[in-house]
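The next block is run38.csv, given as CSV, C-alpha atoms and all ligand atoms.
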```csv
chain,number,residue,atom,x,y,z
A,1,MET,CA,49.6,3.7,99.6
A,2,SER,CA,49.9,7.3,98.5
A,3,THR,CA,46.7,8.8,99.9
A,4,ALA,CA,45.6,9.1,103.5
A,5,VAL,CA,43.3,6.4,104.9
A,6,LEU,CA,40.0,7.5,106.5
A,7,THR,CA,38.6,4.6,108.6
A,8,ILE,CA,35.0,4.8,109.6
A,9,ASP,CA,33.8,2.4,112.3
A,10,LEU,CA,30.2,1.5,111.6
A,11,ASN,CA,30.0,-0.5,114.8
A,12,ALA,CA,30.9,2.7,116.7
A,13,ILE,CA,28.0,4.5,114.9
A,14,VAL,CA,25.6,1.7,116.0
A,15,ALA,CA,27.0,1.9,119.6
A,16,ASN,CA,26.4,5.7,119.6
A,17,TRP,CA,22.9,5.3,118.2
A,18,ARG,CA,22.1,2.7,120.9
A,19,ALA,CA,23.6,4.8,123.7
A,20,LEU,CA,21.6,7.9,122.6
A,21,GLY,CA,18.5,5.7,122.5
A,22,LYS,CA,19.1,4.4,126.0
A,23,ILE,CA,19.4,8.0,127.2
A,24,ALA,CA,16.2,9.1,125.4
A,25,GLN,CA,14.1,6.0,126.2
A,26,VAL,CA,12.0,6.8,123.1
A,27,GLU,CA,12.2,6.0,119.4
A,28,THR,CA,15.6,7.1,118.2
A,29,GLY,CA,15.9,8.2,114.6
A,30,ALA,CA,19.1,8.8,112.7
A,31,VAL,CA,20.0,12.0,110.8
A,32,VAL,CA,22.1,11.1,107.7
A,33,LYS,CA,22.0,14.4,105.8
A,34,ALA,CA,25.1,15.6,103.9
A,35,ASP,CA,25.9,12.1,103.0
A,36,GLY,CA,25.9,10.9,106.5
A,37,TYR,CA,28.0,13.9,107.8
A,38,GLY,CA,30.5,13.0,105.1
A,39,LEU,CA,30.8,9.3,106.1
A,40,ASP,CA,28.5,7.8,103.4
A,41,ALA,CA,24.8,7.9,104.1
A,42,ALA,CA,24.2,4.6,102.2
A,43,LYS,CA,26.6,2.6,104.3
A,44,VAL,CA,25.7,4.3,107.6
A,45,GLY,CA,22.0,4.0,106.8
A,46,THR,CA,22.2,0.3,105.8
A,47,ARG,CA,24.1,-0.5,109.0
A,48,LEU,CA,21.8,1.4,111.3
A,49,ALA,CA,18.7,-0.1,109.5
A,50,ALA,CA,20.2,-3.6,110.2
A,51,ALA,CA,20.6,-2.6,113.8
A,52,GLY,CA,16.9,-1.6,114.0
A,53,ALA,CA,16.7,2.1,113.1
A,54,ARG,CA,13.3,2.8,111.5
A,55,GLN,CA,13.4,6.6,111.1
A,56,PHE,CA,15.9,8.4,109.0
A,57,PHE,CA,16.2,12.1,108.2
A,58,VAL,CA,17.8,13.9,105.3
A,59,ALA,CA,18.0,17.6,104.3
A,60,VAL,CA,16.7,17.4,100.7
A,61,ALA,CA,14.7,15.0,98.6
A,62,GLU,CA,17.6,13.9,96.3
A,63,GLU,CA,19.5,12.7,99.4
A,64,GLY,CA,16.4,10.8,100.4
A,65,ALA,CA,16.1,9.0,97.1
A,66,ARG,CA,19.7,7.8,97.2
A,67,LEU,CA,19.2,6.6,100.8
A,68,ARG,CA,16.0,4.8,99.8
A,69,HIS,CA,17.9,2.9,97.1
A,70,ALA,CA,20.4,1.8,99.8
A,71,ILE,CA,18.2,0.8,102.7
A,72,GLY,CA,15.2,-0.6,100.9
A,73,PRO,CA,11.5,0.0,101.4
A,74,GLY,CA,11.1,-0.5,105.2
A,75,PRO,CA,12.3,2.5,107.1
A,76,GLN,CA,10.7,5.9,106.9
A,77,ILE,CA,12.8,8.7,105.4
A,78,SER,CA,11.8,12.2,106.3
A,79,VAL,CA,13.0,15.4,104.5
A,80,PHE,CA,13.7,18.5,106.5
A,81,SER,CA,13.3,20.9,103.6
A,82,GLY,CA,9.8,19.6,103.1
A,83,HIS,CA,8.1,19.6,99.7
A,84,MET,CA,9.9,22.1,97.5
A,85,ALA,CA,9.0,22.9,93.9
A,86,GLY,CA,9.9,20.1,91.6
A,87,ASP,CA,10.2,17.5,94.4
A,88,ALA,CA,6.9,15.6,93.7
A,89,ASP,CA,8.3,12.8,91.5
A,90,THR,CA,11.2,12.2,93.8
A,91,LEU,CA,9.1,12.2,96.9
A,92,ARG,CA,6.6,9.8,95.4
A,93,ASP,CA,9.0,7.4,93.7
A,94,ALA,CA,11.3,7.1,96.7
A,95,ARG,CA,8.4,7.1,99.2
A,96,LEU,CA,9.9,10.0,101.1
A,97,THR,CA,8.0,11.9,103.9
A,98,PRO,CA,8.4,15.7,103.5
A,99,LEU,CA,8.3,17.7,106.7
A,100,ILE,CA,6.0,20.5,105.6
A,101,ASN,CA,7.4,23.9,106.5
A,102,SER,CA,4.7,26.4,105.3
A,103,VAL,CA,1.2,26.9,104.0
A,104,ASP,CA,2.6,27.1,100.5
A,105,GLN,CA,4.4,23.8,100.9
A,106,MET,CA,1.2,22.2,102.3
A,107,LEU,CA,-0.9,23.4,99.3
A,108,ARG,CA,1.8,22.2,96.9
A,109,HIS,CA,1.9,18.8,98.6
A,110,VAL,CA,-1.9,18.2,98.7
A,111,GLU,CA,-2.2,19.3,95.1
A,112,ALA,CA,0.7,17.3,93.7
A,113,LEU,CA,0.6,14.2,95.9
A,114,PRO,CA,-2.9,13.8,97.6
A,115,GLY,CA,-2.8,11.1,100.2
A,116,HIS,CA,1.0,10.9,100.3
A,117,PRO,CA,2.4,10.9,103.9
A,118,PHE,CA,3.9,14.1,105.3
A,119,GLY,CA,5.0,15.5,108.7
A,120,ILE,CA,4.8,19.0,110.0
A,121,GLN,CA,7.7,21.2,111.0
A,122,LEU,CA,6.9,24.1,113.4
A,123,ASN,CA,8.9,27.1,114.2
A,124,SER,CA,9.4,27.3,118.0
A,125,GLY,CA,11.9,30.2,117.8
A,126,MET,CA,14.9,29.3,115.8
A,127,ASN,CA,13.4,31.1,112.8
A,128,ARG,CA,15.0,28.8,110.2
A,129,LEU,CA,12.4,26.3,109.1
A,130,GLY,CA,8.8,25.5,110.0
A,131,MET,CA,5.4,27.0,110.3
A,132,GLN,CA,4.7,30.1,112.4
A,133,PRO,CA,2.3,29.5,115.3
A,134,ASN,CA,-0.5,31.5,113.5
A,135,GLU,CA,0.0,29.6,110.3
A,136,TRP,CA,-0.3,26.4,112.2
A,137,SER,CA,-3.5,27.5,113.9
A,138,ALA,CA,-5.0,28.4,110.6
A,139,LEU,CA,-4.0,25.1,109.0
A,140,ARG,CA,-4.0,22.6,111.7
A,141,GLU,CA,-7.6,21.2,111.5
A,142,ILE,CA,-7.1,20.4,107.8
A,143,ALA,CA,-3.6,19.0,108.3
A,144,LEU,CA,-4.6,16.9,111.3
A,145,ALA,CA,-7.5,15.4,109.3
A,146,GLN,CA,-4.9,13.9,107.0
A,147,GLY,CA,-2.9,12.2,109.7
A,148,PRO,CA,0.6,13.8,109.7
A,149,THR,CA,3.4,11.3,110.6
A,150,VAL,CA,5.0,13.7,113.1
A,151,LEU,CA,5.0,17.2,114.5
A,152,MET,CA,8.5,18.4,114.9
A,153,SER,CA,10.6,21.5,115.7
A,154,HIS,CA,14.4,22.1,116.3
A,155,LEU,CA,16.3,23.7,119.1
A,156,ALA,CA,18.7,26.5,118.5
A,157,CYS,CA,20.9,26.3,121.7
A,158,ALA,CA,20.7,22.7,122.8
A,159,ASP,CA,24.5,22.4,122.9
A,160,ASP,CA,24.3,24.7,126.0
A,161,PRO,CA,22.2,23.0,128.7
A,162,SER,CA,22.0,26.2,130.7
A,163,HIS,CA,20.7,28.3,127.9
A,164,GLU,CA,17.2,29.7,128.7
A,165,MET,CA,16.3,29.3,125.0
A,166,ASN,CA,15.9,25.5,125.5
A,167,ASP,CA,12.9,25.8,127.9
A,168,ARG,CA,11.5,28.8,125.9
A,169,GLN,CA,11.4,26.6,122.8
A,170,ARG,CA,10.0,23.7,124.6
A,171,ARG,CA,7.1,25.8,125.9
A,172,ALA,CA,6.5,27.2,122.5
A,173,PHE,CA,6.4,23.7,121.0
A,174,ASP,CA,4.1,22.5,123.8
A,175,ASP,CA,1.7,25.4,123.0
A,176,MET,CA,1.5,24.4,119.4
A,177,THR,CA,1.3,20.6,119.9
A,178,GLU,CA,-0.2,19.7,123.3
A,179,GLY,CA,-3.1,17.4,123.3
A,180,LEU,CA,-2.9,16.4,119.7
A,181,ASP,CA,-2.8,12.7,118.9
A,182,VAL,CA,0.3,12.9,116.7
A,183,PRO,CA,3.9,11.8,117.6
A,184,ARG,CA,6.1,14.7,118.5
A,185,SER,CA,9.9,15.3,118.1
A,186,LEU,CA,11.9,18.2,119.3
A,187,SER,CA,15.5,17.1,119.9
A,188,ALA,CA,18.6,16.4,118.0
A,189,THR,CA,21.8,15.2,119.8
A,190,GLY,CA,22.0,18.2,122.1
A,191,GLY,CA,18.3,18.1,123.1
A,192,THR,CA,18.5,14.3,123.7
A,193,LEU,CA,21.1,15.1,126.4
A,194,LEU,CA,18.9,17.8,128.1
A,195,GLY,CA,16.6,15.3,129.8
A,196,PRO,CA,13.4,13.4,129.5
A,197,GLU,CA,11.2,16.4,129.1
A,198,PHE,CA,12.9,17.1,125.7
A,199,ALA,CA,12.5,13.5,124.4
A,200,TYR,CA,8.8,13.6,123.4
A,201,ASP,CA,8.0,10.6,121.2
A,202,MET,CA,11.2,10.5,119.0
A,203,VAL,CA,14.7,12.0,119.0
A,204,ARG,CA,16.7,12.8,115.9
A,205,PRO,CA,20.4,12.7,116.7
A,206,GLY,CA,23.0,13.4,114.0
A,207,ILE,CA,26.4,14.5,115.2
A,208,GLY,CA,26.4,12.2,118.3
A,209,LEU,CA,26.1,9.1,116.0
A,210,TYR,CA,29.3,10.2,114.3
A,211,GLY,CA,31.3,10.7,117.5
A,212,GLY,CA,31.0,14.5,117.9
A,213,LEU,CA,30.1,16.9,120.7
A,214,PRO,CA,27.9,17.6,122.5
A,215,PHE,CA,27.7,13.8,123.0
A,216,ILE,CA,30.7,13.7,125.2
A,217,ASP,CA,30.5,10.0,125.9
A,218,ALA,CA,30.4,9.1,122.2
A,219,THR,CA,32.6,6.2,120.9
A,220,PRO,CA,35.1,7.6,118.4
A,221,VAL,CA,34.1,6.8,114.8
A,222,VAL,CA,36.7,8.2,112.4
A,223,THR,CA,40.5,7.7,112.2
A,224,LEU,CA,42.6,9.6,109.6
A,225,ASP,CA,46.1,8.3,108.9
A,226,ILE,CA,48.2,10.4,106.6
A,227,PRO,CA,51.3,8.8,104.9
A,228,VAL,CA,54.7,10.5,105.2
A,229,ILE,CA,56.1,11.3,101.7
A,230,GLN,CA,59.6,12.3,102.9
A,231,ILE,CA,61.6,13.5,105.9
A,232,ARG,CA,64.4,16.0,105.7
A,233,ASP,CA,66.9,17.6,108.1
A,234,VAL,CA,66.8,21.4,108.2
A,235,GLN,CA,69.3,23.7,109.9
A,236,PRO,CA,68.6,26.6,112.3
A,237,GLY,CA,67.5,29.6,110.3
A,238,GLU,CA,66.1,27.5,107.4
A,239,THR,CA,62.3,28.0,106.7
A,240,VAL,CA,59.5,25.6,105.8
A,241,GLY,CA,56.6,26.0,103.5
A,242,TYR,CA,54.8,28.9,101.8
A,243,GLY,CA,55.5,32.3,103.1
A,244,ASN,CA,58.5,31.1,105.1
A,245,SER,CA,56.1,31.0,108.0
A,246,TRP,CA,58.1,28.6,110.1
A,247,THR,CA,61.8,28.9,110.9
A,248,ALA,CA,63.9,26.2,112.5
A,249,ARG,CA,65.4,27.3,115.9
A,250,ARG,CA,67.4,24.0,116.2
A,251,PRO,CA,68.6,21.3,113.9
A,252,SER,CA,65.2,19.8,113.0
A,253,ARG,CA,63.6,16.9,111.2
A,254,VAL,CA,60.7,17.8,109.0
A,255,ALA,CA,58.1,15.3,107.7
A,256,THR,CA,55.9,16.1,104.7
A,257,ILE,CA,52.6,14.3,104.7
A,258,ALA,CA,50.1,13.6,101.8
A,259,ALA,CA,47.0,15.6,102.7
A,260,GLY,CA,46.0,19.3,102.7
A,261,TYR,CA,43.2,21.7,102.5
A,262,ALA,CA,41.9,20.1,99.3
A,263,ASP,CA,41.2,17.1,101.5
A,264,GLY,CA,39.2,19.2,103.9
A,265,LEU,CA,42.1,19.8,106.4
A,266,ILE,CA,41.1,23.4,106.9
A,267,ARG,CA,44.0,25.8,106.1
A,268,ALA,CA,43.1,28.0,109.0
A,269,MET,CA,44.2,25.3,111.5
A,270,GLY,CA,47.8,26.0,110.4
A,271,PRO,CA,50.4,26.0,113.2
A,272,GLN,CA,47.9,25.5,116.0
A,273,ALA,CA,47.3,21.9,114.8
A,274,TRP,CA,48.9,18.7,116.1
A,275,LEU,CA,49.2,15.3,114.6
A,276,THR,CA,50.0,12.1,116.6
A,277,HIS,CA,52.4,9.2,116.3
A,278,GLY,CA,51.4,6.5,118.7
A,279,ASP,CA,51.0,8.4,122.0
A,280,THR,CA,53.3,11.2,121.0
A,281,LYS,CA,52.0,14.6,119.8
A,282,VAL,CA,53.7,16.0,116.7
A,283,PRO,CA,53.3,19.7,115.9
A,284,VAL,CA,52.2,20.9,112.4
A,285,ILE,CA,54.6,23.6,111.2
A,286,GLY,CA,54.4,26.1,108.4
A,287,ARG,CA,51.2,26.5,106.4
A,288,VAL,CA,48.7,23.8,105.4
A,289,SER,CA,48.9,23.7,101.6
A,290,MET,CA,46.6,22.1,99.1
A,291,ASP,CA,48.0,18.6,99.1
A,292,LEU,CA,50.7,18.7,101.8
A,293,ILE,CA,51.2,19.4,105.5
A,294,THR,CA,54.6,19.7,107.2
A,295,ALA,CA,55.3,18.5,110.8
A,296,ASP,CA,58.2,18.7,113.1
A,297,VAL,CA,59.2,15.1,113.9
A,298,THR,CA,62.6,16.0,115.6
A,299,ASP,CA,61.5,14.6,118.9
A,300,LEU,CA,60.3,11.2,117.7
A,301,ASN,CA,62.6,8.2,118.3
A,302,ASP,CA,61.7,6.5,115.1
A,303,THR,CA,60.9,7.3,111.5
A,304,PRO,CA,57.1,7.4,111.1
A,305,GLU,CA,55.5,6.0,107.9
A,306,HIS,CA,52.3,7.9,108.6
A,307,LEU,CA,51.0,10.5,111.1
A,308,GLN,CA,47.5,10.5,112.5
A,309,LEU,CA,45.2,13.6,112.6
A,310,LEU,CA,41.9,12.0,113.8
A,311,GLY,CA,41.6,9.0,116.1
A,312,MET,CA,41.8,7.8,119.7
A,313,HIS,CA,44.0,10.7,120.6
A,314,GLN,CA,42.3,13.6,118.7
A,315,SER,CA,38.5,13.8,118.2
A,316,VAL,CA,36.8,15.7,115.4
A,317,ASP,CA,36.2,18.4,118.0
A,318,THR,CA,39.8,18.6,118.9
A,319,VAL,CA,40.7,19.1,115.3
A,320,ALA,CA,37.9,21.6,114.9
A,321,GLY,CA,39.3,23.6,117.7
A,322,PHE,CA,42.6,23.9,115.9
A,323,ALA,CA,40.7,25.8,113.1
A,324,GLY,CA,38.2,27.6,115.2
A,325,THR,CA,35.3,25.6,113.9
A,326,ILE,CA,33.0,22.8,115.0
A,327,GLY,CA,33.2,19.0,114.6
A,328,TYR,CA,30.3,19.0,112.1
A,329,GLU,CA,32.3,21.1,109.7
A,330,VAL,CA,35.4,19.0,110.0
A,331,LEU,CA,33.4,15.8,109.2
A,332,THR,CA,31.4,17.2,106.3
A,333,SER,CA,34.6,18.8,104.8
A,334,LEU,CA,36.6,15.5,104.6
A,335,GLY,CA,37.5,15.3,101.0
A,336,HIS,CA,37.1,12.7,98.3
A,337,ARG,CA,40.7,11.8,97.8
A,338,TYR,CA,41.1,9.5,100.9
A,339,LYS,CA,41.0,5.8,100.7
A,340,ARG,CA,37.9,5.2,102.8
A,341,VAL,CA,37.6,2.0,104.8
A,342,TRP,CA,34.4,1.1,106.6
A,343,ARG,CA,34.8,-1.2,109.5
A,344,ALA,CA,31.6,-3.2,110.1
A,401,LIG,C1,20.9,18.5,111.5
A,401,LIG,C2,19.6,18.4,112.2
A,401,LIG,C3,19.4,17.4,113.2
A,401,LIG,C4,20.6,16.6,113.8
A,401,LIG,O1,21.4,17.5,114.5
A,401,LIG,P1,22.7,17.1,115.4
A,401,LIG,O2,23.1,18.3,116.1
A,401,LIG,O3,23.7,16.7,114.3
A,401,LIG,O4,22.3,16.0,116.2
A,401,LIG,C5,18.2,17.2,113.7
A,401,LIG,N1,17.1,17.9,113.3
A,401,LIG,C6,17.2,18.9,112.4
A,401,LIG,C7,16.0,19.7,112.0
A,401,LIG,C8,18.4,19.1,111.8
A,401,LIG,O5,18.6,20.1,110.9
```
Please rewrite the model in this file as structure tokens.
Ligand SMILES: *Cc1c(COP(=O)(O)O)cnc(C)c1O
Amino acid sequence: MSTAVLTIDLNAIVANWRALGKIAQVETGAVVKADGYGLDAAKVGTRLAAAGARQFFVAVAEEGARLRHAIGPGPQISVFSGHMAGDADTLRDARLTPLINSVDQMLRHVEALPGHPFGIQLNSGMNRLGMQPNEWSALREIALAQGPTVLMSHLACADDPSHEMNDRQRRAFDDMTEGLDVPRSLSATGGTLLGPEFAYDMVRPGIGLYGGLPFIDATPVVTLDIPVIQIRDVQPGETVGYGNSWTARRPSRVATIAAGYADGLIRAMGPQAWLTHGDTKVPVIGRVSMDLITADVTDLNDTPEHLQLLGMHQSVDTVAGFAGTIGYEVLTSLGHRYKRVWRA
């Protein structure tokens, strides 16, 4: 085996979906955009649908079409980017539900696909997607008459429970939706953890399903084992890797492993990063290069055949911390060269 092995535990994803549903106590959807946060939307979606998930969310219509093919006709698939120009055939053929973001999208939708289901996305303050309150006021009688599937909005700061933005957005969402007889949804993973007043009729977790923060009690989902290509002895004063950026201070054993930044192991994590071997931490030394990483294995008692980057000992958020980024980016950066193994 010459490439690293990325193991994806589909049972852990189901466990996380159930755990978030238990916290929310309302219908719990699943966000599988960006190919299921890099873990394969078709496999994740199929497994979650078998476990009972009935609401899926993707970013764009093309992702929805691929997901529909995998999970079959039953579950609803909603599209965050709404009804964009050129989407009509895809939305119709794959029976996708666009989450309409603007008056322009609403007009496009009713013209191209009259009678086709849609939801409404409202801007409660994040200023990224969704109708403005005044747009919604102008449109809402017409939109409500056609029975939208959901009224939704998205929180900007839900990973910080003490942030005043959370309540501010909740009040703005209430102002736009209170008393209307349509299911409502405000929360992703972070909002689901803020409490029952953020649950409304449906929550839409993504990252928490895949084992990432802010779902601190998540079951780990991914394991990444990287094979050792060779191990050499270096003497004090010798250097390792591009730019001579690491110099041996003692007689050292250096392992070279078969993954690098072309596999999404972000170059910026460099020498802050650790690998693990069993319960022992192994420091990365020198620079992360395209296909290779070097590690100091001097203190190991045995000769490892592979070293682990992600798993029981290091979460996606731990590894994100090495590179100054977030677990979401680590997951969605994982490259195409790994041997992927899905445990179900
Ligand atoms: C990505 C996204 C989600 C899921 O967010 P997580 O933080 O991954 O749980 C939910 N809703 C919208 C609108 C999103 O863009």
Quick one: pull the distance between CA of Trp17 in chain A and CA of Pro205 in chain A, Å, one decimal.
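A separation of 8.0 Å between them.
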Proximity of chain A to ligand LIG 401 (chain A): per-residue shortest pair, 7 Å limit, only C-alpha atoms and all ligand atoms, as a Markdown table:
```
| residue | atom | partner | partner_atom | distance |
| --- | --- | --- | --- | --- |
| A:Val31 | CA | A:LIG401 | C4 | 5.5 |
| A:Phe80 | CA | A:LIG401 | C7 | 6.1 |
| A:Ser153 | CA | A:LIG401 | C7 | 6.8 |
| A:His154 | CA | A:LIG401 | C7 | 5.2 |
| A:Ser187 | CA | A:LIG401 | C5 | 6.8 |
| A:Ala188 | CA | A:LIG401 | O4 | 4.1 |
| A:Thr189 | CA | A:LIG401 | O4 | 3.7 |
| A:Gly190 | CA | A:LIG401 | O2 | 6.1 |
| A:Arg204 | CA | A:LIG401 | C5 | 5.1 |
| A:Pro205 | CA | A:LIG401 | O4 | 3.8 |
| A:Gly206 | CA | A:LIG401 | O3 | 3.4 |
| A:Ile207 | CA | A:LIG401 | O3 | 3.6 |
| A:Gly208 | CA | A:LIG401 | O4 | 6.0 |
```
Between A:Val60, A:Met312, A:Ala41, A:Val254, which is the closest to Asp299 in chain A once you count only C-alpha atoms?
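Of A:Val60, A:Met312, A:Ala41, A:Val254, the one nearest Asp299 in chain A is A:Val254, counting only C-alpha atoms.
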Please provide the set of residues having any atom within 8 Å of Ser289 in chain A, restricted to only C-alpha atoms, with same-chain residues fewer than 5 positions apart removed, written as a list in words.
Tyr242, Gly260, Tyr261 and Arg267 of chain A
What gap, in Å, lies between CA of His69 in chain A and CA of Pro220 in chain A?
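Distance reported for this atom pair: 27.8 Å.
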Name the closest residue to Gly38 in chain A among the candidates A:Val228, A:Thr177, A:Ile8, A:Glu305; distances are taken between atoms, counting only C-alpha atoms.
A:Ile8
Show me a table, sorted first by chain and then by increasing residue number, of the residues of range 139-205 of chain A having an atom at most 12 Å from range 70-78 of chain A, each with its shortest atom pair and the distance in Å to one decimal, counting only C-alpha atoms and written as a tab-separated table.
```
residue	atom	partner	partner_atom	distance
A:Pro148	CA	A:Ser78	CA	11.8
A:Thr149	CA	A:Ser78	CA	9.5
A:Val150	CA	A:Ser78	CA	9.7
A:Leu151	CA	A:Ser78	CA	11.8
A:Met152	CA	A:Ser78	CA	11.1
A:Arg204	CA	A:Ser78	CA	10.8
```
Atomic distance CA of Leu307 in chain A - CA of Asp233 in chain A, expressed in Å with one decimal
17.7 Å
Hey, can you pull every residue with an atom no more than 6 Å from (47.2, 24.1, 119.6), using all atoms listed in the file, and send it as a PyMOL selection string?
chain A and resi 272-273+322
Arg47 in chain A environment, 12 Å, only C-alpha atoms, sequence neighbours closer than 4 positions dropped, as a VMD selection string:
chain A and resid 9 to 15 17 30 32 36 40 to 43 51 to 54 67 70 to 71 342 to 344
Got time to write the residues from that selection, C-alpha atoms, as an mmCIF file, in the coordinates of the input?
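Contents of selection23.cif, freshly written:
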```
data_model
loop_
_atom_site.group_PDB
_atom_site.id
_atom_site.type_symbol
_atom_site.label_atom_id
_atom_site.label_comp_id
_atom_site.auth_asym_id
_atom_site.auth_seq_id
_atom_site.Cartn_x
_atom_site.Cartn_y
_atom_site.Cartn_z
ATOM 1 C CA ASP A 9 33.800 2.400 112.300
ATOM 2 C CA LEU A 10 30.200 1.500 111.600
ATOM 3 C CA ASN A 11 30.000 -0.500 114.800
ATOM 4 C CA ALA A 12 30.900 2.700 116.700
ATOM 5 C CA ILE A 13 28.000 4.500 114.900
ATOM 6 C CA VAL A 14 25.600 1.700 116.000
ATOM 7 C CA ALA A 15 27.000 1.900 119.600
ATOM 8 C CA TRP A 17 22.900 5.300 118.200
ATOM 9 C CA ALA A 30 19.100 8.800 112.700
ATOM 10 C CA VAL A 32 22.100 11.100 107.700
ATOM 11 C CA GLY A 36 25.900 10.900 106.500
ATOM 12 C CA ASP A 40 28.500 7.800 103.400
ATOM 13 C CA ALA A 41 24.800 7.900 104.100
ATOM 14 C CA ALA A 42 24.200 4.600 102.200
ATOM 15 C CA LYS A 43 26.600 2.600 104.300
ATOM 16 C CA ALA A 51 20.600 -2.600 113.800
ATOM 17 C CA GLY A 52 16.900 -1.600 114.000
ATOM 18 C CA ALA A 53 16.700 2.100 113.100
ATOM 19 C CA ARG A 54 13.300 2.800 111.500
ATOM 20 C CA LEU A 67 19.200 6.600 100.800
ATOM 21 C CA ALA A 70 20.400 1.800 99.800
ATOM 22 C CA ILE A 71 18.200 0.800 102.700
ATOM 23 C CA TRP A 342 34.400 1.100 106.600
ATOM 24 C CA ARG A 343 34.800 -1.200 109.500
ATOM 25 C CA ALA A 344 31.600 -3.200 110.100
#
```
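Restricting the calculation to only C-alpha atoms, the smallest distance between Asn166 in chain A and any of A:Thr276, A:Ser124, A:Asn244, A:Gln55 is found for A:Ser124.
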Excluding range 84-86 of chain A and any residue of its chain fewer than 4 positions from it, enumerate the residues within 9 Å of it, using only C-alpha atoms, and give them as a PDB file with C-alpha atoms, in the frame of the given file.
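Output file part22.pdb follows:
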```pdb
ATOM      1  CA  VAL A  60      16.700  17.400 100.700  1.00  0.00           C
ATOM      2  CA  ALA A  61      14.700  15.000  98.600  1.00  0.00           C
ATOM      3  CA  THR A  90      11.200  12.200  93.800  1.00  0.00           C
ATOM      4  CA  PRO A  98       8.400  15.700 103.500  1.00  0.00           C
ATOM      5  CA  GLN A 105       4.400  23.800 100.900  1.00  0.00           C
ATOM      6  CA  ARG A 108       1.800  22.200  96.900  1.00  0.00           C
ATOM      7  CA  HIS A 109       1.900  18.800  98.600  1.00  0.00           C
TER       8      HIS A 109
END
```
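Residue nearest Lys33 in chain A, chosen from A:Met165, A:Ala112, A:Ala218, A:Leu331 and counting all atoms listed in the file: A:Leu331.
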I'd like the contact shell of Thr280 in chain A - 12 Å cut-off, all atoms listed in the file, skipping same-chain residues fewer than 6 positions apart - returned as a ChimeraX atom specification.
/A:274,296-302,304,307-309,313-314
Serialized selection, C-alpha atoms, as a PDB file, keeping the file's coordinate frame:
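Okay, again08.pdb is ready:
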```pdb
ATOM      1  CA  TRP A 274      48.900  18.700 116.100  1.00  0.00           C
ATOM      2  CA  ASP A 296      58.200  18.700 113.100  1.00  0.00           C
ATOM      3  CA  VAL A 297      59.200  15.100 113.900  1.00  0.00           C
ATOM      4  CA  THR A 298      62.600  16.000 115.600  1.00  0.00           C
ATOM      5  CA  ASP A 299      61.500  14.600 118.900  1.00  0.00           C
ATOM      6  CA  LEU A 300      60.300  11.200 117.700  1.00  0.00           C
ATOM      7  CA  ASN A 301      62.600   8.200 118.300  1.00  0.00           C
ATOM      8  CA  ASP A 302      61.700   6.500 115.100  1.00  0.00           C
ATOM      9  CA  PRO A 304      57.100   7.400 111.100  1.00  0.00           C
ATOM     10  CA  LEU A 307      51.000  10.500 111.100  1.00  0.00           C
ATOM     11  CA  GLN A 308      47.500  10.500 112.500  1.00  0.00           C
ATOM     12  CA  LEU A 309      45.200  13.600 112.600  1.00  0.00           C
ATOM     13  CA  HIS A 313      44.000  10.700 120.600  1.00  0.00           C
ATOM     14  CA  GLN A 314      42.300  13.600 118.700  1.00  0.00           C
TER      15      GLN A 314
END
```
